[in-house]
>>> print(open('protein.cif').read())   # mmCIF, C-alpha atoms
data_protein
loop_
_atom_site.label_atom_id
_atom_site.label_comp_id
_atom_site.auth_asym_id
_atom_site.auth_seq_id
_atom_site.Cartn_x
_atom_site.Cartn_y
_atom_site.Cartn_z
CA ALA A 1 25.73 1.36 -6.95
CA GLU A 2 25.20 4.64 -8.82
CA ASP A 3 26.05 2.94 -12.10
CA ALA A 4 23.55 0.20 -11.34
CA VAL A 5 20.81 2.74 -10.72
CA LYS A 6 21.66 4.60 -13.94
CA GLN A 7 21.56 1.32 -15.83
CA MET A 8 18.15 0.52 -14.40
CA ALA A 9 16.88 3.93 -15.44
CA SER A 10 17.99 3.36 -19.02
CA LEU A 11 16.45 -0.11 -19.08
CA GLN A 12 13.14 1.36 -17.99
CA GLY A 13 13.40 4.47 -20.09
CA ALA A 14 12.94 6.31 -16.82
CA GLY A 15 14.47 9.39 -15.29
CA GLY A 16 16.74 9.50 -12.28
CA ALA A 17 13.85 10.21 -9.89
CA GLN A 18 12.06 7.04 -10.97
CA ALA A 19 15.22 4.99 -10.74
CA ALA A 20 15.80 6.24 -7.20
CA ALA A 21 12.23 5.21 -6.33
CA LEU A 22 12.84 1.55 -7.15
CA GLN A 23 14.07 0.84 -3.63
CA GLN A 24 11.04 2.47 -2.03
CA LEU A 25 8.66 -0.33 -2.96
CA LEU A 26 10.31 -3.58 -1.92
CA GLY A 27 13.25 -2.26 0.07
CA PRO A 28 11.53 -1.74 3.44
CA LEU A 29 9.36 -4.84 3.07
CA LEU A 30 12.29 -7.09 2.16
CA SER A 31 14.44 -5.61 4.90
CA GLN A 32 11.74 -6.28 7.48
CA ALA A 33 10.96 -9.74 6.12
CA PHE A 34 14.59 -10.83 6.00
CA GLY A 35 15.68 -9.46 9.34
CA GLY A 36 17.30 -6.27 8.11
CA GLN A 37 19.99 -7.97 6.02
CA SER A 38 21.29 -6.01 3.05
CA SER A 39 20.54 -7.20 -0.45
CA PRO A 40 23.55 -8.98 -2.02
CA THR A 41 24.92 -7.92 -5.39
CA LEU A 42 24.83 -9.98 -8.55
CA ARG A 43 28.63 -10.23 -8.37
CA THR A 44 28.20 -12.10 -5.11
CA ILE A 45 25.68 -14.64 -6.37
CA LEU A 46 27.68 -15.26 -9.57
CA ALA A 47 30.85 -16.12 -7.65
CA GLY A 48 31.85 -19.72 -8.29
CA LYS A 49 29.07 -20.39 -10.79
CA LEU A 50 29.73 -22.34 -13.99
CA SER A 51 30.20 -20.25 -17.13
CA THR A 52 27.74 -20.54 -20.00
CA ILE A 53 29.63 -18.36 -22.48
CA ALA A 54 29.64 -19.60 -26.08
CA SER A 55 31.16 -18.26 -29.28
CA PRO A 56 28.82 -17.43 -32.20
CA GLY A 57 29.84 -20.54 -34.13
CA THR A 58 29.28 -23.03 -31.31
CA ASN A 59 26.73 -25.65 -32.36
CA LEU A 60 23.52 -26.20 -30.43
CA GLN A 61 24.51 -29.67 -29.26
CA GLU A 62 27.52 -28.23 -27.43
CA VAL A 63 25.54 -25.26 -26.17
CA GLY A 64 22.79 -27.55 -24.87
CA SER A 65 25.27 -29.65 -22.91
CA MET A 66 26.76 -26.52 -21.37
CA MET A 67 23.33 -25.15 -20.46
CA ALA A 68 22.27 -28.48 -18.95
CA GLU A 69 25.34 -28.67 -16.71
CA ALA A 70 25.03 -25.10 -15.44
CA ARG A 71 21.21 -24.98 -15.60
CA LYS A 72 21.53 -21.54 -17.11
CA ALA A 73 20.89 -19.80 -20.43
CA ALA A 74 23.88 -19.44 -22.78
CA LEU A 75 25.50 -16.08 -23.43
CA VAL A 76 26.94 -15.59 -26.92
CA VAL A 77 30.16 -13.57 -26.85
CA ASP A 78 32.22 -12.39 -29.82
CA ASN A 79 35.62 -10.73 -29.30
CA GLY A 80 34.78 -10.16 -25.65
CA LYS A 81 31.45 -8.48 -26.41
CA LEU A 82 28.00 -9.83 -25.52
CA ILE A 83 26.04 -10.23 -28.77
CA GLY A 84 23.25 -12.62 -27.84
CA ILE A 85 21.48 -14.89 -25.38
CA PHE A 86 19.97 -18.35 -25.89
CA GLY A 87 17.65 -19.86 -23.28
CA PHE A 88 15.89 -23.14 -22.57
CA LYS A 89 12.66 -21.99 -24.18
CA ASP A 90 14.66 -20.95 -27.26
CA MET A 91 16.16 -24.43 -27.49
CA MET A 92 12.74 -26.05 -27.31
CA SER A 93 10.84 -23.62 -29.55
CA ARG A 94 13.46 -22.51 -32.07
CA ALA A 95 15.48 -25.70 -32.45
CA ILE A 96 13.73 -28.87 -31.25
CA ALA A 97 10.23 -27.90 -32.40
CA LYS A 98 11.59 -26.94 -35.83
CA GLU A 99 13.66 -30.13 -36.07
CA LEU A 100 16.93 -28.29 -36.67
CA PRO A 101 20.06 -30.49 -36.77
CA LEU A 102 21.69 -29.49 -33.49
CA GLU A 103 25.25 -30.36 -34.44
CA LEU A 104 24.99 -28.38 -37.68
CA THR A 105 23.21 -25.30 -36.32
CA SER A 106 25.23 -22.45 -34.82
CA VAL A 107 23.85 -20.70 -31.75
CA SER A 108 24.20 -17.31 -33.46
CA SER A 109 21.52 -18.31 -35.99
CA VAL A 110 18.83 -18.83 -33.34
CA MET A 111 19.89 -16.60 -30.43
CA THR A 112 18.16 -13.44 -29.26
CA PRO A 113 20.58 -10.71 -30.41
CA ASN A 114 21.81 -7.71 -28.41
CA PRO A 115 20.22 -8.45 -25.02
CA GLU A 116 20.15 -5.86 -22.26
CA SER A 117 22.69 -6.38 -19.48
CA VAL A 118 23.27 -5.05 -15.97
CA SER A 119 26.25 -4.23 -13.80
CA PRO A 120 27.54 -6.84 -11.32
CA ASP A 121 27.11 -4.16 -8.65
CA THR A 122 23.34 -4.28 -9.18
CA THR A 123 21.70 -5.64 -6.03
CA VAL A 124 19.38 -8.64 -6.10
CA LEU A 125 16.52 -6.35 -5.14
CA GLU A 126 17.27 -4.03 -8.06
CA ALA A 127 17.53 -7.03 -10.39
CA LEU A 128 14.10 -8.26 -9.31
CA GLN A 129 12.67 -4.83 -10.07
CA ILE A 130 14.32 -4.74 -13.50
CA MET A 131 13.00 -8.20 -14.34
CA HIS A 132 9.53 -7.19 -13.23
CA ASP A 133 9.48 -3.90 -15.12
CA ASN A 134 10.79 -5.44 -18.34
CA ARG A 135 9.24 -8.91 -18.02
CA PHE A 136 12.71 -10.50 -18.19
CA LEU A 137 13.36 -14.01 -16.85
CA THR A 138 17.14 -13.71 -17.20
CA LEU A 139 19.69 -10.90 -16.97
CA PRO A 140 23.21 -11.02 -18.47
CA VAL A 141 25.75 -9.42 -16.15
CA CYS A 142 28.67 -7.41 -17.59
CA GLU A 143 31.41 -5.20 -16.18
CA ASP A 144 31.51 -1.53 -17.24
CA ASN A 145 34.24 -2.40 -19.77
CA GLY A 146 31.94 -4.97 -21.39
CA ARG A 147 33.52 -8.09 -19.92
CA VAL A 148 30.83 -10.74 -19.54
CA LEU A 149 30.58 -12.26 -16.06
CA GLY A 150 27.55 -14.51 -16.39
CA VAL A 151 23.78 -14.64 -16.26
CA VAL A 152 21.24 -14.66 -13.43
CA ASP A 153 17.61 -15.67 -13.59
CA VAL A 154 14.60 -14.77 -11.51
CA MET A 155 15.00 -17.86 -9.32
CA ASP A 156 18.59 -16.87 -8.45
CA CYS A 157 17.27 -13.56 -7.18
CA VAL A 158 14.44 -15.16 -5.21
CA TYR A 159 16.78 -17.58 -3.43
CA ALA A 160 19.45 -14.94 -2.81
CA SER A 161 16.94 -12.58 -1.20
CA GLY A 162 16.27 -14.67 1.89
CA GLY A 163 14.49 -17.71 3.27
CA ALA A 164 10.93 -18.95 2.99
CA ASP A 165 9.79 -17.03 6.09
CA GLY A 166 10.61 -13.71 4.45
CA TRP A 167 8.88 -14.58 1.20
CA ARG A 168 5.83 -15.79 3.11
CA SER A 169 5.53 -12.31 4.61
CA ILE A 170 5.91 -10.63 1.21
CA PHE A 171 3.49 -12.93 -0.61
CA ALA A 172 0.94 -12.61 2.19
CA SER A 173 1.12 -8.81 1.92
CA ALA A 174 0.57 -9.02 -1.84
CA MET A 175 -2.39 -11.38 -1.46
CA GLU A 176 -4.25 -8.74 0.49
CA CYS A 177 -4.18 -6.45 -2.55
CA ASP A 178 -6.00 -8.55 -5.13
CA ASP A 179 -9.43 -9.84 -6.12
CA ILE A 180 -10.28 -13.48 -6.80
CA THR A 181 -10.19 -14.37 -10.48
CA ASP A 182 -11.57 -17.46 -12.20
CA THR A 183 -9.20 -19.87 -13.90
CA ALA A 184 -9.51 -22.40 -16.68
CA SER A 185 -9.93 -26.10 -15.96
CA VAL A 186 -9.12 -29.32 -17.74
CA HIS A 187 -10.63 -32.61 -16.61
CA SER A 188 -8.40 -35.22 -15.02
CA THR A 189 -9.63 -38.33 -13.22
CA HIS A 190 -6.40 -39.09 -11.37
CA LYS A 191 -6.67 -38.46 -7.63
CA SER A 192 -3.46 -40.00 -6.33
CA VAL A 193 -1.32 -36.85 -6.44
CA LYS A 194 1.04 -35.35 -3.93
CA SER A 195 -0.39 -32.18 -2.43
CA VAL A 196 1.19 -29.28 -0.64
CA LYS A 197 -1.05 -30.26 2.28
CA SER A 198 0.91 -33.49 2.64
CA MET A 199 4.31 -31.79 2.61
CA LYS A 200 6.09 -30.75 5.79
CA SER A 201 7.00 -27.10 5.93
CA THR A 202 9.57 -25.39 8.12
CA THR A 203 7.47 -22.25 8.19
CA ARG A 204 4.27 -23.45 9.88
CA SER A 205 4.91 -21.08 12.79
CA VAL A 206 4.01 -18.20 10.50
CA LYS A 207 0.28 -17.56 10.21
CA MET A 208 -1.14 -18.79 6.89
CA ALA A 209 -3.12 -16.45 4.67
CA ASP A 210 -6.81 -17.26 4.14
CA THR A 211 -6.58 -16.53 0.42
CA THR A 212 -6.76 -19.60 -1.82
CA VAL A 213 -4.59 -20.63 -4.76
CA LEU A 214 -7.25 -19.49 -7.24
CA LYS A 215 -6.37 -15.90 -6.37
CA LEU A 216 -2.95 -16.49 -7.96
CA ARG A 217 -4.63 -16.86 -11.36
CA PRO A 218 -2.95 -20.13 -12.43
CA LYS A 219 -2.22 -20.50 -16.12
CA ALA A 220 -4.50 -22.83 -18.08
CA PRO A 221 -2.72 -26.21 -18.27
CA MET A 222 -1.30 -27.39 -21.59
CA ILE A 223 -2.10 -31.10 -21.76
CA CYS A 224 -0.28 -33.91 -23.55
CA HIS A 225 -0.46 -37.71 -23.38
CA SER A 226 2.30 -39.85 -21.96
CA SER A 227 2.67 -41.63 -25.31
CA ASP A 228 3.40 -38.36 -27.16
CA THR A 229 6.93 -37.72 -28.36
CA VAL A 230 9.20 -34.96 -27.10
CA LEU A 231 9.03 -33.47 -30.60
CA GLY A 232 5.24 -33.38 -30.52
CA VAL A 233 5.10 -31.83 -27.08
CA SER A 234 7.77 -29.26 -28.00
CA GLN A 235 5.83 -28.27 -31.11
CA MET A 236 2.60 -27.93 -29.12
CA LEU A 237 4.27 -25.75 -26.50
CA ALA A 238 6.03 -23.65 -29.15
CA SER A 239 2.73 -23.01 -30.96
CA LYS A 240 1.13 -21.85 -27.70
CA ARG A 241 4.22 -20.04 -26.41
CA GLY A 242 4.24 -22.28 -23.36
CA ASP A 243 7.14 -23.59 -21.32
CA ALA A 244 5.59 -26.50 -19.41
CA ALA A 245 3.18 -29.31 -20.28
CA ILE A 246 1.03 -31.48 -18.03
CA ILE A 247 1.29 -35.14 -19.02
CA THR A 248 -1.71 -37.47 -18.60
CA ASP A 249 -1.84 -41.28 -18.60
CA SER A 250 -4.17 -43.62 -20.49
CA SER A 251 -6.98 -43.04 -17.99
CA GLY A 252 -6.65 -39.26 -18.20
CA GLY A 253 -4.97 -38.95 -14.84
CA LEU A 254 -1.98 -36.76 -14.02
CA ALA A 255 1.20 -38.66 -14.88
CA GLY A 256 3.84 -35.97 -14.90
CA ILE A 257 5.12 -32.59 -16.04
CA ILE A 258 7.81 -31.59 -18.53
CA THR A 259 9.36 -28.15 -18.95
CA ASP A 260 11.57 -26.42 -21.48
CA THR A 261 14.50 -26.94 -19.11
CA ASP A 262 13.81 -30.68 -19.03
CA VAL A 263 13.96 -30.83 -22.83
CA THR A 264 17.51 -29.44 -22.81
CA ARG A 265 18.76 -31.36 -19.77
CA ARG A 266 17.14 -34.73 -20.41
CA VAL A 267 16.91 -34.87 -24.20
CA VAL A 268 19.41 -32.54 -25.88
CA ALA A 269 22.27 -33.07 -23.43
CA LYS A 270 21.79 -36.84 -23.54
CA LYS A 271 21.56 -36.84 -27.34
CA LEU A 272 18.16 -38.53 -27.41
CA PRO A 273 16.13 -38.26 -30.65
CA PRO A 274 13.12 -35.97 -29.96
CA SER A 275 11.03 -37.57 -32.71
CA SER A 276 11.15 -41.05 -31.17
CA THR A 277 11.61 -40.33 -27.45
CA ARG A 278 8.37 -40.61 -25.51
CA VAL A 279 7.71 -37.76 -23.14
CA SER A 280 6.94 -40.32 -20.40
CA ASP A 281 10.62 -41.33 -20.45
CA VAL A 282 11.92 -37.83 -19.66
CA MET A 283 9.12 -36.12 -17.71
CA THR A 284 9.05 -35.56 -13.95
CA ALA A 285 6.66 -38.30 -12.86
CA ASN A 286 4.01 -37.82 -10.15
CA PRO A 287 4.82 -34.17 -9.51
CA THR A 288 3.89 -32.40 -6.31
CA CYS A 289 0.59 -30.56 -6.73
CA VAL A 290 -1.33 -27.91 -4.88
CA SER A 291 -5.09 -27.88 -4.44
CA SER A 292 -7.03 -24.85 -5.65
CA SER A 293 -8.47 -24.58 -2.15
CA ASP A 294 -5.06 -24.50 -0.44
CA SER A 295 -3.55 -21.32 0.93
CA ALA A 296 -2.05 -19.19 -1.84
CA THR A 297 0.82 -18.05 0.35
CA ASP A 298 1.48 -21.64 1.44
CA ALA A 299 1.69 -22.74 -2.21
CA LEU A 300 4.13 -19.96 -3.12
CA VAL A 301 6.37 -20.70 -0.16
CA THR A 302 6.36 -24.39 -1.12
CA MET A 303 7.68 -23.39 -4.55
CA VAL A 304 10.43 -21.28 -2.98
CA GLU A 305 11.39 -23.96 -0.44
CA ASN A 306 11.58 -26.74 -3.04
CA HIS A 307 12.96 -24.67 -5.94
CA PHE A 308 9.87 -25.40 -8.07
CA ARG A 309 9.46 -23.13 -11.10
CA HIS A 310 6.10 -24.75 -11.96
CA LEU A 311 3.45 -26.29 -9.73
CA PRO A 312 0.31 -28.08 -11.07
CA VAL A 313 -3.00 -27.04 -9.51
CA THR A 314 -5.83 -29.53 -8.98
CA ASP A 315 -9.38 -29.21 -7.70
CA ASP A 316 -10.64 -31.26 -4.76
CA ASN A 317 -11.50 -34.15 -7.10
CA GLY A 318 -8.02 -34.35 -8.63
CA ALA A 319 -8.86 -32.52 -11.86
CA VAL A 320 -5.97 -30.42 -13.19
CA VAL A 321 -7.20 -26.82 -13.31
CA GLY A 322 -4.00 -24.87 -13.86
CA VAL A 323 -0.26 -24.46 -13.41
CA LEU A 324 1.46 -21.93 -11.17
CA ASP A 325 4.60 -20.27 -12.49
CA ILE A 326 6.73 -18.73 -9.73
CA ALA A 327 8.06 -16.01 -12.07
CA LYS A 328 4.53 -14.92 -13.03
CA CYS A 329 3.43 -15.07 -9.38
CA LEU A 330 6.38 -12.91 -8.35
CA ASN A 331 5.63 -10.36 -11.07
CA ASP A 332 1.99 -10.26 -10.01
CA ALA A 333 2.95 -9.83 -6.35
CA ILE A 334 5.23 -6.88 -7.10
CA THR A 335 2.54 -5.29 -9.29
CA LYS A 336 -0.03 -5.61 -6.48
CA LEU A 337 2.35 -4.10 -3.94
CA GLU A 338 3.10 -1.23 -6.34
CA LYS A 339 -0.60 -0.48 -6.76
CA GLN A 340 -1.16 -0.62 -3.02
CA LYS A 341 1.75 1.76 -2.45
CA ASP A 342 0.32 4.20 -5.01
CA LYS A 343 -3.08 4.06 -3.28
CA SER A 344 -1.51 4.68 0.11
CA SER A 345 0.49 7.62 -1.24
CA SER A 346 -2.62 9.15 -2.82
CA ALA A 347 -4.59 8.70 0.40
CA ALA A 348 -1.82 10.38 2.38
CA GLU A 349 -1.75 13.32 -0.03
CA ASP A 350 -5.53 13.72 0.20
CA ALA A 351 -5.35 13.66 4.00
CA VAL A 352 -2.70 16.42 3.99
CA LYS A 353 -4.82 18.57 1.65
CA GLN A 354 -7.83 18.17 3.91
#
>>> encode(input="protein.cif", output="structure tokens")
Amino acid sequence: AEDAVKQMASLQGAGGAQAAALQQLLGPLLSQAFGGQSSPTLRTILAGKLSTIASPGTNLQEVGSMMAEARKAALVVDNGKLIGIFGFKDMMSRAIAKELPLELTSVSSVMTPNPESVSPDTTVLEALQIMHDNRFLTLPVCEDNGRVLGVVDVMDCVYASGGADGWRSIFASAMECDDITDTASVHSTHKSVKSVKSMKSTTRSVKMADTTVLKLRPKAPMICHSSDTVLGVSQMLASKRGDAAIITDSSGGLAGIITDTDVTRRVVAKKLPPSSTRVSDVMTANPTCVSSSDSATDALVTMVENHFRHLPVTDDNGAVVGVLDIAKCLNDAITKLEKQKDKSSSAAEDAVKQ
């Protein structure tokens, strides 16, 4: 545990006092929300998981198949040492969008070199804090001797931290700390979409927050047509640094969604040609949506319950106005709670002085 804290301090460039303070923010709230259970370690959540370790010379076709099966980023290891990481967004933006020949391109030529790593004794709570502070979506996990154990992502940490009831409590607390912000909108005439309102939830016994989805500041949607090719969509997303596209049909209505993960799992792993494969053939059709007037906390819990990384947002007329990203929402929630904690600490200090 001490090594994990030291590692976090070095990742943040912080001193020991700051590293020790990491638990003070989410620790009590998570403990209360999840019934006092202790936070598991990364070693625990990696147990039994498929390996995504590749050698530097492994070609992208093989790497993509491995990533698709494990649904995890690939770790590039040379002589037992971690030298790089290659994720789903990298596959889409650095390989597919640039039309690289997958079977002739080594992963070492397109990986992100020398990634930060953490100890397997790091707790899930500590990992969430590290990801938040450094804006990481994934964390390689290595023993002190350098042996690579695997990789965890932000969703692993969310699911390992407890059930939907606990996250509802945390998200609701965060929603009380923010101001409503406008979001971009893109017109869509399709009204026949699944809404969070129509989905049954196991957490209805918990009081819903009054705050609407707009307070979550959804990302502006990146729109493509169902007749576009996977190559075209990948190039559009790469140029805008996006990781998910909303797909519309011939009438402009919502037809589906495709993500960087889908590109690897449904195109690369199946050896489909990106330049001639229509996005409509590999997208998730008729995705669940949330209305901008729905409860923000309800929408976030729906994402946790259903393991959704992205959730389209529509207005009351069915127009697509944004996309929620659970990783961004989690980062925002932690930031809001941090600011609230700082305000409370300052108020307490002022009261003592008076």
>>> residues_near_point(input="protein.cif", point="(17.2, -18.0, -27.0)", cutoff="8 Å", atoms="only C-alpha atoms", output="short mmCIF file (atom, residue, chain, number, x, y, z; two decimals) with C-alpha atoms, in the frame of the given file")
data_model
loop_
_atom_site.label_atom_id
_atom_site.label_comp_id
_atom_site.auth_asym_id
_atom_site.auth_seq_id
_atom_site.Cartn_x
_atom_site.Cartn_y
_atom_site.Cartn_z
CA ALA A 73 20.89 -19.80 -20.43
CA ILE A 85 21.48 -14.89 -25.38
CA PHE A 86 19.97 -18.35 -25.89
CA GLY A 87 17.65 -19.86 -23.28
CA PHE A 88 15.89 -23.14 -22.57
CA LYS A 89 12.66 -21.99 -24.18
CA ASP A 90 14.66 -20.95 -27.26
CA MET A 91 16.16 -24.43 -27.49
CA ARG A 94 13.46 -22.51 -32.07
CA VAL A 110 18.83 -18.83 -33.34
CA MET A 111 19.89 -16.60 -30.43
CA THR A 112 18.16 -13.44 -29.26
#
>>> resolve_selection(input="protein.cif", expression="the PyMOL selection byres ((chain A and resi 59-64) around 9)", output="mmCIF file with C-alpha atoms, in the frame of the given file")
data_model
loop_
_atom_site.group_PDB
_atom_site.id
_atom_site.type_symbol
_atom_site.label_atom_id
_atom_site.label_comp_id
_atom_site.auth_asym_id
_atom_site.auth_seq_id
_atom_site.Cartn_x
_atom_site.Cartn_y
_atom_site.Cartn_z
ATOM 1 C CA THR A 52 27.740 -20.540 -20.000
ATOM 2 C CA ILE A 53 29.630 -18.360 -22.480
ATOM 3 C CA ALA A 54 29.640 -19.600 -26.080
ATOM 4 C CA PRO A 56 28.820 -17.430 -32.200
ATOM 5 C CA GLY A 57 29.840 -20.540 -34.130
ATOM 6 C CA THR A 58 29.280 -23.030 -31.310
ATOM 7 C CA SER A 65 25.270 -29.650 -22.910
ATOM 8 C CA MET A 66 26.760 -26.520 -21.370
ATOM 9 C CA MET A 67 23.330 -25.150 -20.460
ATOM 10 C CA ALA A 68 22.270 -28.480 -18.950
ATOM 11 C CA GLU A 69 25.340 -28.670 -16.710
ATOM 12 C CA ALA A 74 23.880 -19.440 -22.780
ATOM 13 C CA PHE A 86 19.970 -18.350 -25.890
ATOM 14 C CA PHE A 88 15.890 -23.140 -22.570
ATOM 15 C CA MET A 91 16.160 -24.430 -27.490
ATOM 16 C CA ALA A 95 15.480 -25.700 -32.450
ATOM 17 C CA PRO A 101 20.060 -30.490 -36.770
ATOM 18 C CA LEU A 102 21.690 -29.490 -33.490
ATOM 19 C CA GLU A 103 25.250 -30.360 -34.440
ATOM 20 C CA LEU A 104 24.990 -28.380 -37.680
ATOM 21 C CA THR A 105 23.210 -25.300 -36.320
ATOM 22 C CA SER A 106 25.230 -22.450 -34.820
ATOM 23 C CA VAL A 107 23.850 -20.700 -31.750
ATOM 24 C CA SER A 108 24.200 -17.310 -33.460
ATOM 25 C CA THR A 264 17.510 -29.440 -22.810
ATOM 26 C CA ARG A 265 18.760 -31.360 -19.770
ATOM 27 C CA VAL A 268 19.410 -32.540 -25.880
ATOM 28 C CA ALA A 269 22.270 -33.070 -23.430
ATOM 29 C CA LYS A 271 21.560 -36.840 -27.340
#
>>> closest_residue(input="protein.cif", among="A:Leu311, A:Leu137, A:Leu149, A:Leu237", to="Pro218 (chain A)", atoms="only C-alpha atoms")
A:Leu311
>>> axis_aligned_box(input="protein.cif", around="region 68-82 of chain A", padding_each_side="4 Å", output="lines of an AutoDock Vina configuration file")
center_x = 28.3
center_y = -18.6
center_z = -22.6
size_x = 22.7
size_y = 28.2
size_z = 22.4
>>> resolve_selection(input="protein.cif", expression="the PyMOL selection byres ((chain A and resi 280) around 8)", output="JSON, numbers by chain")
{"A": [226, 227, 228, 247, 256, 278, 279, 281, 282, 283, 285]}
>>> resolve_selection(input="protein.cif", expression="the PyMOL selection byres ((chain A and resi 147) around 10)", output="MDAnalysis selection string")
chainID A and resid 77 79:82 141:146 148:150
>>> closest_residue(input="protein.cif", among="A:Arg168, A:Val323, A:Arg266, A:Thr212", to="Thr302 (chain A)", atoms="all atoms listed in the file")
A:Arg168
>>> residues_around(input="protein.cif", residues="Ala127 (chain A)", least_positions_apart="2", cutoff="12 Å", atoms="all atoms listed in the file", output="ChimeraX atom specification")
/A:4-5,7-8,11,22-23,26,39-43,45,117-125,129-141,151-158,160-161
>>> closest_residue(input="protein.cif", among="A:Gly322, A:Gly232, A:Gly48, A:Gly253", to="Leu214 (chain A)", atoms="all atoms listed in the file")
A:Gly322
>>> residues_around(input="protein.cif", residues="region 325-332 of chain A", least_positions_apart="2", cutoff="6 Å", atoms="only C-alpha atoms", output="list in words")
His132, Arg309, His310, Ile334 and Thr335 of chain A
>>> atom_distance(input="protein.cif", atom1="CA of Pro274 (chain A)", atom2="CA of Thr261 (chain A)")
14.2 Å
>>> closest_residue(input="protein.cif", among="A:Ala296, A:Met236, A:Val320, A:Leu46", to="Glu176 (chain A)", atoms="all atoms listed in the file")
A:Ala296
>>> atom_distance(input="protein.cif", atom1="CA of Ala220 (chain A)", atom2="CA of Met92 (chain A)")
19.8 Å
>>> closest_residue(input="protein.cif", among="A:Leu216, A:Val304, A:Cys289, A:Leu337", to="Leu254 (chain A)", atoms="all atoms listed in the file")
A:Cys289
>>> residues_around(input="protein.cif", residues="Ala299 (chain A)", least_positions_apart="3", cutoff="8 Å", atoms="only C-alpha atoms", output="PyMOL selection string")
chain A and resi 196+213+290+294-296+302-303
>>> residues_around(input="protein.cif", residues="Asp316 (chain A)", least_positions_apart="3", cutoff="9 Å", atoms="all atoms listed in the file", output="compact mmCIF listing (two decimals) with C-alpha atoms, keeping the file's coordinate frame")
# COMPACT_ATOMS: atom_id res chain seq x y z
CA LYS A 191 -6.67 -38.46 -7.63
CA SER A 291 -5.09 -27.88 -4.44
CA SER A 292 -7.03 -24.85 -5.65
CA SER A 293 -8.47 -24.58 -2.15
CA ALA A 319 -8.86 -32.52 -11.86
>>> atom_distance(input="protein.cif", atom1="CA of His225 (chain A)", atom2="CA of Ser250 (chain A)")
7.6 Å
